[in-house]
Each structure stands twice: as C-alpha cells, then as structure tokens.
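The block underneath contains the structure these notes are about, expressed in structure tokens.
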Protein chains: 2
Amino acid sequence: MSFRTIEWRDDTVIMIDQTRLPGAEIYNTYSDFQSIAEAIKGMIIRGAPAIGVAAAMGVALGSRSIIADTHESFFRQLDNICEVLGRTRPTAVNLFWAIERMKRVAEKNRGGTLDTIRDALKKEAIRIEKEDLTICKNIGKWGATLIPEGATVLTHCNAGGLATAGYGTALGVIRAAHEAGKKIQVFADETRPWLQGARLTAWELMKEGIPTTLIADNMAGFFMSRGEITCCVVGADRIAANGDTANKIGTYSVAVLAKENNIPFYVAAPVSTLDLTLADGSKIPIEERPYSEVTHIKGIAIAPAGIRVRNPSFDVTPARYITAIITENGIVKGDYRSGLRKISGT
Amino acid sequence: MSFRTIEWRDDTVIMIDQTRLPGAEIYNTYSDFQSIAEAIKGMIIRGAPAIGVAAAMGVALGSRSIIADTHESFFRQLDNICEVLGRTRPTAVNLFWAIERMKRVAEKNRGGTLDTIRDALKKEAIRIEKEDLTICKNIGKWGATLIPEGATVLTHCNAGGLATAGYGTALGVIRAAHEAGKKIQVFADETRPWLQGARLTAWELMKEGIPTTLIADNMAGFFMSRGEITCCVVGADRIAANGDTANKIGTYSVAVLAKENNIPFYVAAPVSTLDLTLADGSKIPIEERPYSEVTHIKGIAIAPAGIRVRNPSFDVTPARYITAIITENGIVKGDYRSGLRKISGT
C-alpha cells in the first residue's frame, strides 16, 4: 500500500489525517494519549479496526507519561487513560476490545517494574497493529471466493486500508479478488454526511488501480434495480451474537435494497468486531454526531441556518438481510448464533 | 407564500434562482426564450410542474421576438422555439405537456393576426401558472385526508412551492394538513447530489413554520426501522399508465424501505404528470446530469480528481411500492391502470 494509516515510531504515534483526504495527504504525530483520544473523536482516524489500533497505541503512549511511586498509583492512572480513550466513540466494539486487551497485558505484567509494563504495552499495541494487517489479508482471502469474475461490487463507507492497519475488510475482499486476477469493478457510495466513500474509498481504490465509480448514496437502489450490481460488501462496527450488524449509517438501506433485488449482501469484519455479549442488535449504542456534519461541507453551509438536524452515525442491519459474514477465520452463513460462536473460538 | 417561484411581469419572466437558495433569495428577469431554456437546463427553476410553467412562458416570450412576414414563417419559428425548450430536460413530462398545450393554442388562433396569436400564447402561459396553484391546492385538500394527526411525514427532494407555481404537490399535502390544524412534523431527506431537500424543502418549510428535521438520504431507512416515520409523500416527474413513477433519484429507495417497514408511500402530482402513452415505467427516459454535481459542492471538490462518476437524476418506482397517487381530481389506489385513466378524464 502506498500510504500508512497508523504507525508507532520513536515512541510517538503517526496517523494519516483522514479529515483532510483526498485533498491533502498529511501525517500527524501524536505524543500523548489525550491527543489520540481527540483524534479518534474528531475522526482523524476512523473505522472500527483502526480505532482499535489507535486506542491500543493511546494506552501504550499514555502509560509512558504516568508518574507513579507505586504500582497501585500506576494502575489507577492507567485505568483513567483507558476510560478517556473508551469515551471517544460508542458504537465500534473494537475500541473496547483493544482497551481490554491492553489492560490484560498490563495485569499480566503486574509483577514486573513499571518500565517492564510500559514495554509490554508498547509491544502489545504494535502487535495489535501487525495482527490487524494479517487478519485483513485473511478476510480478503476468504471473501474473494465470494466475488465472481467480472463482478460489479457495491460498497458503502470506507472499510479499507484507512479503516484498518492496512488492506481493509470490505476493501480487503475487493483487493484480494483484484489481486487474484478477477476483472472486477467497484461502485462506491459517497456516504453522507462524512463522505467516507467519496473522500476515502474513491482515493484508496484509485491508488490501487481498481476501476471505481462514485455515486450518491440514494443512487445505489437505482443501479441495483437496473441489474448493474453483482453483490455488496461492507464492513462492520459491531456484530451481535445473532448476526445483527451495526455499521455506517445507510448500510441498512443498502441491505434492504439488495434483498429486494436478490443481490448478495456481505459483511466483512474481524472476529474482534463480534460482541457476543449482545443477543441482538437492539442494544448496540448508536452514536449521534454534530449537526454541522449535515448542514456544512468543508465549512460551507448547505442548509438554512437554524434547521433541526438528526445525525445518527450508524444503523443496525438485521441478520436476515445478511447473506454471509466474512471473518479472518472463515465465512459464516445461515445460523449466525452458532456459527459466530464457533468462528470466534468461544 | 412569502416567495414567488415564477411570474410573468411586463412581458418578462421572473424566477427565483433556486441554485442560490437558501443562502441568497435572488430573482432573475428573463426576456428571451433562449435564456429560459438555459434556466431550465441549469436548474435555476426545477420541479416538474414549475418547468412546465417555465416552458409555457418561454414559448409565449419567444413568440414575441419572432419576426415573420407570413404565418408559415411564424409557425416554423415557433416550432423551433418549442424544440429548443423541449430539449432542456428529458424526464419530467409536464415540460412536453405544457409545450403541446401552447402549440394547440397557437394552432387554434391561426386564423388571427400574429399579435392575436402572441396574445393568446401569453394568456395561456399565465393561465397554466394560475391553474397550477389551484391544482396544487386541490392535491393538498385530497392528500391531507391521508395524513394522520401527529404524523411524522418523510419527504424526498422538493415537491414544494418552488417546484410548482406555488403551494407544491407533496409539500402541498403537508401544507394542507398543517393548515387543517393537524400537528405534524416533517423529515426532509437532503437529496444528493443537488440538495433540493437541504436547500429548498428545509427553507420552504421553515418559512411556513412547519417543524422540519433535515437528514441525509441514507438515514431515512434508519428512522423508518425505528418507527419514527408515519408515512412518506413525494412528487413525481412522470407517471406511466400502470402507476410506475419517475421521480428524483432516491425515491425508489425510499419506497422500498417504506414497504419493508409497512409505512404508506404516497405520490402527489397533477394529472399533467401522467403519461398514459407509456404502458409502464421502463420507457421513461432518465436524465444523467454532470459529474461535477457529485464531485463538487459549491465549487469545492469532495472527491479525488479524475474519479469516475454516475449521476442519474431520476429513478422509477414500480407501482407496487406506491400506496396511492394523489391528484387534483382525487386519490387513485389499487388498479392504477383503470384508476389513472378515469381520473385523467381520458
């Protein structure tokens, strides 16, 4: 890949600024956990797996700035760091999964010196990042088997290299099919209000040389009804035990339209996106983001001042609309409740 | 209403510039038919009934500039004017309906002097405008009976006063329900790429004091699935004999989502929107508009340069998704083929 989403370098964290793409390719350097929390909240970095990596690196970075005489004090402060990072975004479960994993590593190393713990945390954060790339490649490998030669694949939002440590989940499937030599093309929904499709997916796929057509969100149904879409692949922010999937707002609509037009609808996500503690999707918290994302684009007003706005950032697609869930461990279809439990190894 | 969409004044045509709303309320004055054709093409004026009125006024205005020694020469030049105006936008049938009506009036007055014909054309254009307002009020009267007390009504695009000579079709229904004292509120889809919902519907309804919430197009399904939408009302650009309805891109998606969530989906349109010469919607021409509507907003790029774009401006909603079609002559349900024929008086 010709860009790097997030990286640990010289005890700082470097991220590509996703609020500035595609106009400018700018890398920001972060040296404290508070600014990483702000970066997650402000969507400098976004995408469920990528914010998991960012949170892990935030914990590791935060641990280095803790001044403590005792282990108790260190762990109390570490808990606080985890809490701040956990409050950034509510929907994607990978954030909480990564923070919990970091906490467990700290706990495991409680017997060592504070610097041993700090070092273990840094190694773990880097490991989460490296693992994520391998996971995405495996998701791609499994998913590519579902993409027919000559397919036109519709995707929503950006579940690409930018949403992960690299390669991507939904775009990982597309990349793997492309790398396998299948002649495919992509239709990318622009994904209002934040325009992840127009700004990020279009940019990533152009760099990759995969033929891509940008459309407005409300055009997806038109192209489906005309027989121009072979299948849909999207990412996920949280998947409940029964397969109900929270993902970027608009995913539910794409899934309903796909079902109505007999088009397969696939979700591609790492096992860390599963939240088997939730029986179904109704309990997944849905973040509502600022009004200005809808009323303004790049600071320019596109609606009358004072208009009321709703801006839910995610929706939940009931499992019955999902043809299959593609994970790094394989593809789950049919009975998601048992299939997801099995594939997660729990 | 506190604005005027289009008006014949002192042998010029005045239109509110819909490309500038809601930021600026600017009225343009047109004194030749070519600039009216450009205004229709450039969406200074838009909305099926409104472009019908604009085309009629364009014919009347054009007839005044014809220099002709003979009736034959006059009618040849008039045909040319009609052709130029007819080539502006392909989907809305009201454009062709209005032009045909103007041609018939000219033909009927062929026995008179050229100035008699010119005068008849001017009177007819003004009559079309006045009639449209009455028609919209009748659509509103019928449609309001379908809107329950306390309803939250979803609308897509702008089928309002700005899309007609005033009052509106879909927004006419909403206005009439509001005027009847029903406590209703509106969810307005922003309607990418041209943002008719964010720019025009939000503006119109705020002026009217009807509580309105702006959402991105891909949020409509979310609110439907949450039980927050009572019914949907949209306009139409062309309705085939079987009830299949062409309307702004995204209408089909709203209709499919409404059906999936058991929410009534209504189309509100004048009889002039019926095209009973088409057996079904498959033959309705769908305009594709410039790429820049998708890649740029107010001149600012929101996608990488060189990305491929598709920009169909309309889609066709099959009749099976439409709960009822509301016209000025009454409401058609069930067997659209016979119902539409009957209501059109043919």
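In the structure tokens, each chain is lettered A, B, ... as it comes, each chain's residues begin at 1, and ligands are numbered from 1 in order of appearance.
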Quick one: which chain B residues come within 6 Å of chain A, and what is the nearest atom pair for each with the distance in Å to one decimal, counting only C-alpha atoms, rows ordered by chain and ascending number, as CSV?
```
residue,atom,partner,partner_atom,distance
B:Pro22,CA,A:Pro304,CA,5.7
B:Ala198,CA,A:Ala303,CA,4.9
B:Arg199,CA,A:Ala303,CA,4.9
B:Trp203,CA,A:Pro304,CA,5.9
B:Thr213,CA,A:Arg308,CA,4.8
B:Leu214,CA,A:Val309,CA,4.8
B:Ile215,CA,A:Arg310,CA,5.8
B:Asn218,CA,A:Gly250,CA,4.3
B:Met219,CA,A:Gly250,CA,5.9
B:Gly221,CA,A:Ser253,CA,5.5
B:Gly250,CA,A:Asn218,CA,4.3
B:Ser253,CA,A:Gly221,CA,5.5
B:Ala303,CA,A:Ala198,CA,4.9
B:Pro304,CA,A:Pro22,CA,5.7
B:Arg308,CA,A:Thr213,CA,4.7
B:Val309,CA,A:Leu214,CA,4.7
B:Arg310,CA,A:Ile215,CA,5.7
```
Exercise. Please identify all polymer residues within 9 Å of Tyr27 in chain A, counting only C-alpha atoms, omitting same-chain residues fewer than 6 positions from it, and present them as a PyMOL selection string.
Key: chain A and resi 4-5+14-17
Output file for the residues above (N, CA, C and O atoms, as a CSV table (one decimal), in the first residue's frame):
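See selection.csv below for the written result:
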```csv
chain,number,residue,atom,x,y,z
A,4,ARG,N,0.1,4.8,4.9
A,4,ARG,CA,0.2,4.1,6.2
A,4,ARG,C,-0.9,4.8,7.0
A,4,ARG,O,-0.9,6.0,7.3
A,5,THR,N,-1.9,4.0,7.5
A,5,THR,CA,-3.0,4.6,8.3
A,5,THR,C,-2.5,5.0,9.7
A,5,THR,O,-2.8,6.1,10.1
A,14,ILE,N,1.9,8.0,14.7
A,14,ILE,CA,1.7,8.8,13.4
A,14,ILE,C,0.5,8.3,12.7
A,14,ILE,O,0.3,7.1,12.6
A,15,MET,N,-0.4,9.2,12.4
A,15,MET,CA,-1.6,8.8,11.6
A,15,MET,C,-1.8,9.7,10.4
A,15,MET,O,-1.4,10.9,10.5
A,16,ILE,N,-2.3,9.2,9.4
A,16,ILE,CA,-2.7,10.0,8.2
A,16,ILE,C,-4.0,10.7,8.6
A,16,ILE,O,-4.9,10.1,9.3
A,17,ASP,N,-4.1,12.0,8.3
A,17,ASP,CA,-5.3,12.8,8.8
A,17,ASP,C,-6.4,12.6,7.8
A,17,ASP,O,-6.4,13.1,6.7
```
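Near range 65-81 of chain A, within a cut-off of 9 Å and counting only C-alpha atoms, sit the residues Asp32, Phe33, Gln34, Gly58, Val59, Lys103, Ala106, Glu107, Arg110, Thr113 and Leu114 of chain A, with same-chain residues fewer than 6 positions away left out.
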With a distance cut-off of 8 Å and only C-alpha atoms, select the neighbouring residues of Pro49 in chain B, excluding the residue or stretch itself and same-chain residues fewer than 4 positions from it, and output the selection as a PDB file with C-alpha atoms, in the first residue's frame.
```pdb
ATOM      1  CA  VAL B  53     -44.917  26.746 -16.447  1.00  0.00           C
ATOM      2  CA  ASN B  94     -45.007  18.358 -17.750  1.00  0.00           C
ATOM      3  CA  LEU B  95     -42.474  20.162 -19.923  1.00  0.00           C
ATOM      4  CA  ASP B 132     -51.122  25.082 -11.294  1.00  0.00           C
ATOM      5  CA  ALA B 163     -41.296  23.025  -7.746  1.00  0.00           C
ATOM      6  CA  THR B 164     -44.666  24.414  -8.855  1.00  0.00           C
ATOM      7  CA  ALA B 165     -46.310  27.767  -9.366  1.00  0.00           C
ATOM      8  CA  PRO B 270     -51.076  16.863 -11.073  1.00  0.00           C
ATOM      9  CA  THR B 273     -47.665  14.421 -14.874  1.00  0.00           C
TER      10      THR B 273
END
```
